[in-house]
Structures are given as C-alpha cells and as structure tokens.
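Participant: Have a look at this one before I ask anything.
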Amino acid sequence: MQRGWLHSGPLLWLQYVDKNVKLKVGKHEEHRGWLLTVDPVSASVVLVNFREDGASVRVVMGHAVEDVEVLQESDPETAERLRLFLLPPTTSSLDPEELSRRRMGVYRWLEKNRVPVEEDGDSLRVAGALTILAPYRPEDCCSSNQIILDRIQRLIQSQPHLLKVDPGFDSIQILPGFSGSQEL
C-alpha cells in the first residue's frame, strides 16, 4: 500500500473485503483475520476469525492501520460464511399465513403513518432506502442509512398490536401495547 490506509478510499478498501489479511498496527503489533467490512467514514476494519465453537470479531480503528497485506483469497464457502455472518438466523417456525399477516400488519402500520412502503416479494421496501425481511420485526430492518433505519425501527416498535409467539405453546397472542423492546 503506497498511501496511508485512511487516505486510500473506499475503492481500494473494497479490494480487501472477503480476504484473509494481516493488518500492521503500530511498530510491533499486527492483527490477522478475514476482512468483513470497512467503515466508510472512519476507515475502521472489521476482522472475523472463525473457530470451531463460533467466531471472534475484532474492530481495528482506521487511524491505527499502517499497512494491509492479503494473506489468502476466500473460497466460495468462506465468502458465503462471511456474507451470512452478521445476518440474524432465518425464522422458519412461522407458517406462511402468519408471515403474510405480519407483513400486512407492518405494511398497514407504515401506510397509516404516511411512510412510503411497497411489497417486494416477501419483503417490504420503505422509500427505496430500507428493506424489512420476515418475520417483520424491528431487528429485521436493513438499511445503510442509519437515520432511516432508526426511525422505522422505532415506528415498528410503537405499533399498537404486535404479534408474539409464545415458545411454550403453538399459539400466537395479540398483546395490546406490546413493547417492541421485548423479543418477538
């Protein structure tokens, strides 16, 4: 790397994503791992190291990175593990009819609050900037815009009637005033 990491820019940083790298930090310190992502504002690097019992994550502040060396390219299996690493587990315990009810409930709630929303297959798209995936909880929202993400998550949490699945029973309860801070 000829220029400093901070000044390299996102185009160069993307070349290191999904690769096993060695980061030189300071004179005698280095960190190794699979580069998951780079924060575009701070140039901070997220490294993942897979272990038999899970994985460890390390964030290295961008200003501390002096040099980056690629140790290994990822194979398709490793690239897929990295892609799925931070995604929540899929919820297959809800039947399609229940997922449809949840999707329509969130859809109507967003419309009622004058939020532009459209169906996109099994997901909901909000203002072209946010996606809500099944099972349509606040934590199922995905967006690169943190302000929109936060506002839509809070709006979904404030929905007056959310459905909660009771793990001890095969039934669904409607809880008036249910707080979105609890697990659905």
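If you're wondering about the labels, chains in the structure tokens are A, B, ... by order shown, residues count from 1 in each chain, ligands from 1 in order shown.
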Could you list, as an mmCIF file with all heavy atoms, in the first residue's frame, every residue within 8 Å of Ser143 of chain A, counting only C-alpha atoms and ignoring same-chain residues fewer than 6 positions away?
Facilitator:
data_model
loop_
_atom_site.group_PDB
_atom_site.id
_atom_site.type_symbol
_atom_site.label_atom_id
_atom_site.label_comp_id
_atom_site.auth_asym_id
_atom_site.auth_seq_id
_atom_site.Cartn_x
_atom_site.Cartn_y
_atom_site.Cartn_z
ATOM 1 N N ALA A 129 -35.137 2.931 0.485
ATOM 2 C CA ALA A 129 -33.905 3.035 1.270
ATOM 3 C C ALA A 129 -33.797 2.005 2.381
ATOM 4 O O ALA A 129 -32.773 1.937 3.055
ATOM 5 C CB ALA A 129 -33.809 4.435 1.881
ATOM 6 N N LEU A 130 -34.848 1.219 2.593
ATOM 7 C CA LEU A 130 -34.841 0.278 3.703
ATOM 8 C C LEU A 130 -35.638 -0.950 3.293
ATOM 9 O O LEU A 130 -36.639 -0.836 2.578
ATOM 10 C CB LEU A 130 -35.473 0.932 4.945
ATOM 11 C CG LEU A 130 -35.550 0.068 6.191
ATOM 12 C CD1 LEU A 130 -35.092 0.866 7.399
ATOM 13 C CD2 LEU A 130 -36.969 -0.430 6.422
ATOM 14 N N THR A 131 -35.198 -2.117 3.754
ATOM 15 C CA THR A 131 -35.893 -3.374 3.491
ATOM 16 C C THR A 131 -36.258 -4.013 4.821
ATOM 17 O O THR A 131 -35.449 -4.016 5.751
ATOM 18 C CB THR A 131 -34.996 -4.338 2.686
ATOM 19 O OG1 THR A 131 -34.611 -3.694 1.472
ATOM 20 C CG2 THR A 131 -35.714 -5.629 2.369
ATOM 21 N N LEU A 149 -33.126 3.898 9.270
ATOM 22 C CA LEU A 149 -33.202 2.623 9.984
ATOM 23 C C LEU A 149 -33.740 2.825 11.394
ATOM 24 O O LEU A 149 -34.685 2.155 11.817
ATOM 25 C CB LEU A 149 -31.822 1.958 10.024
ATOM 26 C CG LEU A 149 -31.724 0.630 10.769
ATOM 27 C CD1 LEU A 149 -32.567 -0.433 10.098
ATOM 28 C CD2 LEU A 149 -30.272 0.185 10.852
#
Participant: Excluding segment 7-10 of chain A and any residue of its chain fewer than 6 positions from it, enumerate the residues within 10 Å of it, using only C-alpha atoms, and give them as an MDAnalysis selection string.
Facilitator: chainID A and resid 1 38:41 43 62:63
Participant: What does the file look like for those residues with N, CA, C and O atoms, as a PDB file, in the first residue's frame?
Facilitator:
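The resulting part.pdb:
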ATOM      1  N   MET A   1       0.843  -1.167   0.000  1.00  0.00           N
ATOM      2  CA  MET A   1       0.000   0.000   0.000  1.00  0.00           C
ATOM      3  C   MET A   1       0.891   1.234   0.000  1.00  0.00           C
ATOM      4  O   MET A   1       1.691   1.415   0.900  1.00  0.00           O
ATOM      5  N   VAL A  38     -15.351  -2.503   5.933  1.00  0.00           N
ATOM      6  CA  VAL A  38     -14.613  -1.303   6.316  1.00  0.00           C
ATOM      7  C   VAL A  38     -15.628  -0.183   6.467  1.00  0.00           C
ATOM      8  O   VAL A  38     -16.468   0.028   5.576  1.00  0.00           O
ATOM      9  N   ASP A  39     -15.578   0.512   7.585  1.00  0.00           N
ATOM     10  CA  ASP A  39     -16.469   1.651   7.798  1.00  0.00           C
ATOM     11  C   ASP A  39     -16.051   2.785   6.866  1.00  0.00           C
ATOM     12  O   ASP A  39     -14.895   3.215   6.902  1.00  0.00           O
ATOM     13  N   PRO A  40     -16.964   3.279   6.028  1.00  0.00           N
ATOM     14  CA  PRO A  40     -16.579   4.296   5.045  1.00  0.00           C
ATOM     15  C   PRO A  40     -16.250   5.657   5.645  1.00  0.00           C
ATOM     16  O   PRO A  40     -15.597   6.466   5.003  1.00  0.00           O
ATOM     17  N   VAL A  41     -16.656   5.911   6.872  1.00  0.00           N
ATOM     18  CA  VAL A  41     -16.381   7.205   7.499  1.00  0.00           C
ATOM     19  C   VAL A  41     -15.054   7.195   8.247  1.00  0.00           C
ATOM     20  O   VAL A  41     -14.212   8.059   8.062  1.00  0.00           O
ATOM     21  N   ALA A  43     -12.814   4.506   8.339  1.00  0.00           N
ATOM     22  CA  ALA A  43     -11.880   3.550   7.741  1.00  0.00           C
ATOM     23  C   ALA A  43     -11.548   2.405   8.697  1.00  0.00           C
ATOM     24  O   ALA A  43     -10.589   1.672   8.489  1.00  0.00           O
ATOM     25  N   GLY A  62      -9.471   2.755  12.022  1.00  0.00           N
ATOM     26  CA  GLY A  62      -8.837   3.081  10.761  1.00  0.00           C
ATOM     27  C   GLY A  62      -7.571   3.903  10.897  1.00  0.00           C
ATOM     28  O   GLY A  62      -6.601   3.692  10.168  1.00  0.00           O
ATOM     29  N   HIS A  63      -7.564   4.839  11.862  1.00  0.00           N
ATOM     30  CA  HIS A  63      -6.383   5.700  12.009  1.00  0.00           C
ATOM     31  C   HIS A  63      -5.153   4.924  12.475  1.00  0.00           C
ATOM     32  O   HIS A  63      -4.027   5.374  12.295  1.00  0.00           O
TER      33      HIS A  63
END
Participant: To one decimal place in Å, what is the distance between atom CA of Ile132 of chain A and atom CA of Lys112 of chain A?
Facilitator: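 Here the two named atoms are 16.7 Å from each other.
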Participant: One decimal, Å: what's the distance from atom CA of Glu111 of chain A over to atom CA of Pro160 of chain A, could you say?
Facilitator: 14.2 Å
Participant: Using only C-alpha atoms, which of the listed residues (A:Ile156, A:Met61, A:Gly33, A:Pro135) sits closest to Trp109 of chain A?
Facilitator: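 Among the listed residues, A:Ile156 lies closest to Trp109 of chain A.
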Participant: Please compute the atom CA of Asn49 of chain A-atom CA of Gln146 of chain A distance, one decimal, in Å.
Facilitator: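 Taking atom CA of Asn49 of chain A and atom CA of Gln146 of chain A, their separation equals 26.5 Å.
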Participant: I want to know what sits within 9 Å of segment 101-105 of chain A, based on only C-alpha atoms, with residues of the same chain fewer than 4 positions away left out; could you give that as a PyMOL selection string?
Facilitator: chain A and resi 96-97+109-110+119+122-124+132-137+161-163
Participant: Tell me, as a list in words, which residues lie within 8 Å of segment 67-79 of chain A, counting only C-alpha atoms; anything in the same chain fewer than 4 positions away does not count.
Facilitator: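 The contact residues come out as Met1, Gly4, Trp5, Tyr16, Asp18, Lys19, Asn20, Val21, Lys22, Leu23, Lys24, Val25 and Arg83 of chain A.
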Participant: With distances taken over only C-alpha atoms, which residue among A:Leu11, A:Val65, A:Leu6, A:Ala127 lies nearest Lys27 of chain A?
Facilitator: A:Val65
Participant: For Ile152 of chain A, find every residue with an atom within 9 Å (counting only C-alpha atoms), except residues of its own chain fewer than 4 positions away, and show them as a ChimeraX atom specification.
Facilitator: /A:110,115,126,130,138,141,147-148,156-157
